[in-house]
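Next comes work.csv, a file with CSV, C-alpha atoms.
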```csv
chain,number,residue,atom,x,y,z
A,298,ASP,CA,74.5,40.4,157.9
A,299,GLU,CA,76.6,39.1,160.8
A,300,GLN,CA,74.8,41.5,163.2
A,301,ARG,CA,71.4,40.4,162.0
A,302,PHE,CA,72.2,36.7,162.4
A,303,ALA,CA,73.6,37.4,165.9
A,304,LEU,CA,70.2,38.5,167.1
A,305,SER,CA,68.1,36.3,169.2
A,306,PRO,CA,64.7,35.3,167.7
A,307,GLN,CA,62.9,37.8,169.9
A,308,GLU,CA,65.4,40.5,169.1
A,309,TYR,CA,65.0,39.9,165.4
A,310,LEU,CA,61.2,40.1,165.6
A,311,ASP,CA,61.5,43.3,167.6
A,312,ARG,CA,64.1,44.8,165.2
A,313,TYR,CA,61.6,44.6,162.2
A,314,HIS,CA,58.4,44.9,164.2
A,315,ILE,CA,57.2,41.6,162.8
A,316,SER,CA,54.9,40.8,165.8
A,317,PHE,CA,53.3,44.2,165.6
A,318,TYR,CA,52.3,43.8,162.0
A,319,LEU,CA,51.2,40.2,162.4
A,320,GLN,CA,48.9,41.2,165.3
A,321,ASP,CA,47.5,44.0,163.3
A,322,ALA,CA,46.9,41.8,160.2
A,323,VAL,CA,45.1,39.2,162.4
A,324,ALA,CA,43.0,42.0,163.9
A,325,GLN,CA,42.0,43.2,160.5
A,326,ILE,CA,41.1,39.7,159.3
A,327,LEU,CA,38.9,39.1,162.4
A,328,ASP,CA,37.2,42.4,161.9
A,329,GLU,CA,36.5,41.9,158.2
A,330,ARG,CA,35.9,38.0,158.3
A,331,ASP,CA,37.2,37.7,154.7
A,332,GLU,CA,36.3,34.3,153.2
A,333,ARG,CA,39.9,34.1,151.8
A,334,PRO,CA,42.0,35.1,154.9
A,335,MET,CA,45.3,34.2,153.3
A,336,GLU,CA,44.7,36.5,150.4
A,337,ALA,CA,43.6,39.2,152.9
A,338,ILE,CA,47.0,38.7,154.8
A,339,HIS,CA,48.8,39.1,151.5
A,340,ARG,CA,46.9,42.3,150.6
A,341,TYR,CA,47.6,43.6,154.1
A,342,PHE,CA,51.4,43.3,153.8
A,343,ILE,CA,51.3,44.7,150.2
A,344,SER,CA,49.7,47.8,151.7
A,345,VAL,CA,52.4,47.9,154.4
A,346,LEU,CA,55.1,47.8,151.8
A,347,GLN,CA,53.4,50.4,149.7
A,348,GLY,CA,52.7,52.7,152.7
A,349,THR,CA,49.0,52.9,152.2
A,350,HIS,CA,48.2,51.0,155.4
A,351,VAL,CA,48.2,54.2,157.6
A,352,LEU,CA,45.4,56.0,155.9
A,353,MET,CA,42.7,57.0,158.4
A,354,ARG,CA,44.3,54.8,161.1
A,355,GLU,CA,44.4,55.9,164.7
A,356,PHE,CA,47.5,57.9,165.8
A,357,SER,CA,48.7,55.1,168.2
A,358,PHE,CA,49.1,52.9,165.1
A,359,ILE,CA,50.7,55.6,162.9
A,360,ASN,CA,53.2,56.5,165.6
A,361,ALA,CA,54.1,52.9,166.6
A,362,THR,CA,56.9,52.2,164.2
A,363,PRO,CA,59.4,54.2,162.1
A,364,ARG,CA,57.9,52.6,158.9
A,365,ASN,CA,54.4,53.8,159.9
A,366,ARG,CA,55.7,57.3,160.6
A,367,LEU,CA,57.5,57.6,157.3
A,368,ALA,CA,54.5,56.2,155.5
A,369,PHE,CA,52.2,58.8,157.0
A,370,VAL,CA,54.6,61.6,156.1
A,371,ARG,CA,54.8,60.4,152.5
A,372,LEU,CA,51.0,60.1,152.4
A,373,PHE,CA,50.7,63.7,153.8
A,374,VAL,CA,53.2,65.1,151.3
A,375,ASP,CA,51.5,63.4,148.3
A,376,THR,CA,48.0,64.3,149.4
A,377,TYR,CA,48.8,68.0,149.7
A,378,CYS,CA,51.2,68.3,146.8
A,379,SER,CA,48.9,70.9,145.3
A,380,PHE,CA,50.1,73.4,147.9
A,381,GLY,CA,52.9,75.5,146.4
A,382,PRO,CA,56.1,75.3,148.3
A,383,ASP,CA,56.0,79.0,149.1
A,384,SER,CA,52.2,79.1,149.9
A,385,GLY,CA,51.7,80.7,153.3
A,386,ILE,CA,50.3,78.5,156.1
A,387,SER,CA,50.2,78.6,159.8
A,388,PHE,CA,51.2,75.8,162.1
A,389,LEU,CA,47.6,75.5,163.3
A,390,ASP,CA,46.3,75.1,159.8
A,391,HIS,CA,49.0,72.6,158.9
A,392,TRP,CA,48.1,70.5,162.0
A,393,GLN,CA,44.5,70.6,160.9
A,394,LEU,CA,45.5,69.1,157.6
A,395,THR,CA,47.1,66.1,159.4
A,396,THR,CA,43.8,65.5,161.2
A,397,LEU,CA,42.0,65.0,157.8
A,398,LEU,CA,44.2,61.9,157.3
A,399,CYS,CA,44.3,60.9,161.0
A,400,PRO,CA,41.5,62.4,163.1
A,401,ASP,CA,43.2,62.0,166.4
A,402,PHE,CA,46.6,63.3,165.3
A,403,PRO,CA,47.9,65.5,168.2
A,404,ASN,CA,49.2,69.0,167.7
A,405,THR,CA,52.3,68.2,169.8
A,406,TYR,CA,54.8,68.5,167.0
A,407,HIS,CA,53.4,71.8,165.7
A,408,THR,CA,53.2,73.5,169.2
A,409,THR,CA,56.7,72.2,170.0
A,410,MET,CA,58.1,73.8,166.9
A,411,GLN,CA,56.3,77.1,167.8
A,412,ALA,CA,57.9,76.9,171.3
A,413,MET,CA,61.3,76.6,169.7
A,414,LEU,CA,60.8,79.8,167.7
A,415,SER,CA,61.0,83.2,169.1
A,416,GLU,CA,57.8,84.7,170.7
A,417,GLU,CA,57.3,87.0,167.7
A,418,GLN,CA,57.8,84.3,165.1
A,419,ALA,CA,55.6,81.8,167.0
A,420,ALA,CA,52.4,83.7,166.7
A,421,PRO,CA,49.8,80.9,166.1
A,422,LYS,CA,48.3,82.6,163.0
A,423,LYS,CA,51.6,83.7,161.5
A,424,LEU,CA,52.1,82.3,158.0
A,425,TYR,CA,55.2,80.4,156.9
A,426,PRO,CA,56.1,78.9,153.6
A,427,PHE,CA,54.3,75.6,153.3
A,428,LYS,CA,57.6,73.7,152.5
A,429,ASP,CA,59.2,75.0,155.8
A,430,VAL,CA,56.3,74.1,158.0
A,431,SER,CA,56.1,70.7,156.3
A,432,ALA,CA,59.8,70.1,156.8
A,433,TYR,CA,59.7,71.1,160.5
A,434,PHE,CA,56.8,68.7,161.0
A,435,GLN,CA,58.5,65.8,159.3
A,436,ILE,CA,61.7,66.2,161.4
A,437,LEU,CA,59.8,66.4,164.7
A,438,PHE,CA,57.4,63.6,163.9
A,439,ILE,CA,59.9,61.1,162.5
A,440,PHE,CA,62.8,61.9,164.8
A,441,TRP,CA,60.8,62.8,167.9
A,442,GLU,CA,62.7,60.7,170.4
A,443,PHE,CA,66.0,61.8,168.9
A,444,VAL,CA,65.1,65.5,169.2
A,445,SER,CA,63.8,65.0,172.7
A,446,ALA,CA,67.0,63.3,173.8
A,447,ALA,CA,69.1,66.0,172.1
A,448,GLN,CA,67.2,68.6,174.0
A,449,LYS,CA,68.9,67.4,177.2
A,450,SER,CA,72.2,68.7,175.8
A,451,PHE,CA,70.7,72.2,175.6
A,452,GLU,CA,68.8,72.3,178.9
A,453,GLU,CA,71.3,74.2,181.0
A,454,ARG,CA,72.0,76.9,178.4
A,455,ASP,CA,70.6,78.4,175.3
A,456,LYS,CA,73.6,77.6,173.2
A,457,VAL,CA,76.2,74.8,173.3
A,458,ASP,CA,79.7,74.7,171.8
A,459,ARG,CA,79.5,73.2,168.3
A,460,TYR,CA,82.0,70.5,169.1
A,461,ARG,CA,80.3,69.3,172.2
A,462,ALA,CA,76.9,69.4,170.5
A,463,THR,CA,78.2,67.4,167.6
A,464,ILE,CA,79.7,64.7,169.9
A,465,ALA,CA,76.5,64.5,171.9
A,466,LEU,CA,74.3,64.1,168.8
A,467,ARG,CA,76.7,61.5,167.2
A,468,SER,CA,76.6,59.6,170.4
A,469,LEU,CA,72.8,59.5,170.3
A,470,ALA,CA,72.9,58.3,166.7
A,471,SER,CA,75.4,55.5,167.4
A,472,VAL,CA,73.3,54.0,170.2
A,473,ARG,CA,70.0,54.4,168.4
A,474,GLY,CA,67.2,52.2,169.5
A,475,TRP,CA,65.2,50.1,167.1
A,476,ASP,CA,61.9,51.7,168.1
A,477,PHE,CA,62.7,55.2,166.7
A,478,SER,CA,64.7,56.8,163.9
A,479,CYS,CA,67.9,58.7,164.1
A,480,PRO,CA,69.9,60.6,161.4
A,481,SER,CA,73.2,58.9,160.5
A,482,PRO,CA,76.4,60.3,162.1
A,483,ALA,CA,77.5,61.5,158.6
A,484,THR,CA,74.2,63.4,158.3
A,485,ILE,CA,74.7,65.0,161.8
A,486,ASP,CA,78.1,66.2,160.7
A,487,ALA,CA,76.7,67.7,157.6
A,488,VAL,CA,73.9,69.4,159.6
A,489,MET,CA,76.3,70.8,162.1
A,490,ARG,CA,78.7,72.1,159.4
A,491,GLY,CA,75.8,74.0,157.9
A,492,VAL,CA,74.9,75.8,161.1
A,493,LYS,CA,75.7,79.5,160.7
A,494,ASP,CA,75.8,80.7,164.2
A,495,GLY,CA,79.5,80.9,164.9
A,496,ASP,CA,80.9,78.3,167.3
A,497,ASN,CA,77.8,77.9,169.4
A,498,VAL,CA,74.5,76.2,168.4
A,499,ARG,CA,70.9,76.0,169.7
A,500,LEU,CA,68.5,73.1,169.5
A,501,LEU,CA,66.6,75.2,167.0
A,502,ASP,CA,69.7,75.4,164.8
A,503,VAL,CA,69.9,71.6,164.8
A,504,VAL,CA,66.2,71.2,163.9
A,505,GLU,CA,66.4,73.8,161.2
A,506,GLY,CA,69.5,72.2,159.8
A,507,MET,CA,67.8,68.8,159.7
A,508,ALA,CA,64.7,70.3,158.1
A,509,ALA,CA,67.0,71.8,155.4
A,510,CYS,CA,68.7,68.4,154.7
A,511,ASP,CA,67.4,66.8,151.5
A,512,ASP,CA,68.2,63.3,152.9
A,513,LEU,CA,65.8,63.7,155.8
A,514,VAL,CA,62.8,65.4,154.2
A,515,CYS,CA,60.2,63.8,151.9
A,516,LEU,CA,59.1,65.6,148.8
A,517,PRO,CA,56.0,64.7,146.7
A,518,SER,CA,56.4,61.6,144.6
A,519,ALA,CA,56.6,61.7,140.9
A,520,GLU,CA,53.3,59.8,140.7
A,521,ALA,CA,51.5,62.3,142.9
A,522,VAL,CA,52.8,65.3,140.9
A,523,ALA,CA,51.9,63.6,137.6
A,524,ALA,CA,48.3,62.9,138.9
A,525,LEU,CA,48.0,66.5,140.0
A,526,GLN,CA,49.1,67.8,136.6
A,527,GLN,CA,46.5,65.6,134.9
A,528,VAL,CA,43.8,67.1,137.0
A,529,LEU,CA,44.9,70.6,136.3
A,530,GLN,CA,45.1,70.1,132.5
```

Now, as a test, write the supplied structure out as structure tokens.
Amino acid sequence: DEQRFALSPQEYLDRYHISFYLQDAVAQILDERDERPMEAIHRYFISVLQGTHVLMREFSFINATPRNRLAFVRLFVDTYCSFGPDSGISFLDHWQLTTLLCPDFPNTYHTTMQAMLSEEQAAPKKLYPFKDVSAYFQILFIFWEFVSAAQKSFEERDKVDRYRATIALRSLASVRGWDFSCPSPATIDAVMRGVKDGDNVRLLDVVEGMAACDDLVCLPSAEAVAALQQVLQ
């Protein structure tokens, strides 16, 4: 609380992306010309709180704030909850599913994950369990800036001492910016403890560890699962 009240007015607005959402709400009202604009504003912010405001929006909007990214991931997971966790899917096909919810969604996150994998594993049409591809996608999309910054610790060598890597990642998390998401230092410690490759780690080990962390990956909501079960009955 003390830290929040210590912020300047502009820092507070930036911290919670208030100006961003107000500007978008006004743009929506001007586009629709609703005869009850105050109720339209109310509906807009209800949709933001519910996470439904990102459906069929342009990628620049979806990618603009941590809230929007998380909302899109939850939308994706719930929309495709009919896919069994072990159903085989390629990175290419998984990316195409994202474009059904956001037509201009780039394939950056999927091709980046392929590049991290070995040449044999990264075959474009190679099938992986749906739950694994979904988890990799979530980590790279939500934590893109964090992973990109972490990559600098691994640029000069394929593997880095576990202790040095942990210190570097914790440092990134402690000075996190407001415009992107970072795992907590405690989560980083848990991820690094779970890495199996002796005393040295790769960036791929970090990403795989994050993807295996229940606290960082979204699963289908109970409502989405219940709706699917009703359809299948």

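For the residues A:Gln411, A:Asn360, A:Gln300, A:Gln347, ranking by smallest atom-to-atom distance to Cys399 of chain A using only C-alpha atoms places A:Asn360 first.
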
* Asked: So, counting all atoms listed in the file, which residue among A:Val374, A:Ser344, A:Arg330, A:Pro363 is closest to Cys479 of chain A?
  -> A:Pro363

* Counting all atoms listed in the file, note down every residue that has an atom within 12 Å of the point (45.8, 66.3, 167.4) (file coordinates), as a list of chain:residue names. => A:Glu355, A:Phe356, A:Ser357, A:Leu389, A:Asp390, A:His391, A:Trp392, A:Gln393, A:Leu394, A:Thr395, A:Thr396, A:Leu397, A:Leu398, A:Cys399, A:Pro400, A:Asp401, A:Phe402, A:Pro403, A:Asn404, A:Thr405, A:Tyr406, A:His407, A:Thr408

* To do: May I ask which of the residues A:Arg490, A:Lys456, A:Arg366, A:Arg467 is the closest one to Phe434 of chain A, counting only C-alpha atoms?
  => A:Arg366

Could you please give me, as an mmCIF file with C-alpha atoms, keeping the file's coordinate frame, the residues of protein, DNA or RNA lying at most 12 Å from (60.8, 43.7, 165.7) in the coordinate frame of the file, considering all atoms listed in the file?
```
data_model
loop_
_atom_site.group_PDB
_atom_site.id
_atom_site.type_symbol
_atom_site.label_atom_id
_atom_site.label_comp_id
_atom_site.auth_asym_id
_atom_site.auth_seq_id
_atom_site.Cartn_x
_atom_site.Cartn_y
_atom_site.Cartn_z
ATOM 1 C CA ARG A 301 71.400 40.400 162.000
ATOM 2 C CA LEU A 304 70.200 38.500 167.100
ATOM 3 C CA SER A 305 68.100 36.300 169.200
ATOM 4 C CA PRO A 306 64.700 35.300 167.700
ATOM 5 C CA GLN A 307 62.900 37.800 169.900
ATOM 6 C CA GLU A 308 65.400 40.500 169.100
ATOM 7 C CA TYR A 309 65.000 39.900 165.400
ATOM 8 C CA LEU A 310 61.200 40.100 165.600
ATOM 9 C CA ASP A 311 61.500 43.300 167.600
ATOM 10 C CA ARG A 312 64.100 44.800 165.200
ATOM 11 C CA TYR A 313 61.600 44.600 162.200
ATOM 12 C CA HIS A 314 58.400 44.900 164.200
ATOM 13 C CA ILE A 315 57.200 41.600 162.800
ATOM 14 C CA SER A 316 54.900 40.800 165.800
ATOM 15 C CA PHE A 317 53.300 44.200 165.600
ATOM 16 C CA TYR A 318 52.300 43.800 162.000
ATOM 17 C CA LEU A 319 51.200 40.200 162.400
ATOM 18 C CA ALA A 361 54.100 52.900 166.600
ATOM 19 C CA THR A 362 56.900 52.200 164.200
ATOM 20 C CA PRO A 363 59.400 54.200 162.100
ATOM 21 C CA ARG A 364 57.900 52.600 158.900
ATOM 22 C CA GLY A 474 67.200 52.200 169.500
ATOM 23 C CA TRP A 475 65.200 50.100 167.100
ATOM 24 C CA ASP A 476 61.900 51.700 168.100
ATOM 25 C CA PHE A 477 62.700 55.200 166.700
#
```

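Taking atom CA of Asp429 of chain A and atom CA of Met489 of chain A as endpoints, the distance between them is 18.7 Å.
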
* Structure fact -> Separating atom CA of Phe438 of chain A from atom CA of Arg461 of chain A, to the nearest tenth of an Å, is a gap of 25.0 Å

* Asked: Near Leu513 of chain A, counting all atoms listed in the file, which residues have an atom at most 9 Å away, once you skip same-chain residues fewer than 2 positions from it, shown as a PyMOL selection string?
  -> chain A and resi 432+435-436+480+484+507-511+515

* **Long-range neighbours of Leu414 of chain A as a ChimeraX atom specification, 12 Å cut-off, all atoms listed in the file, 5 positions minimum in chain** => /A:388,407-409,419-421,423,433,499-502,504-505

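Shortest separation to Ser471 of chain A among A:Val457, A:Leu367, A:Ser387, A:Phe443 occurs at residue A:Phe443, atoms counted being only C-alpha atoms.
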
* To do: Have a look at A:Ile338, A:Ile485, A:Val345, A:Cys378 and name the one nearest to Leu516 of chain A; count all atoms listed in the file.
  => A:Cys378
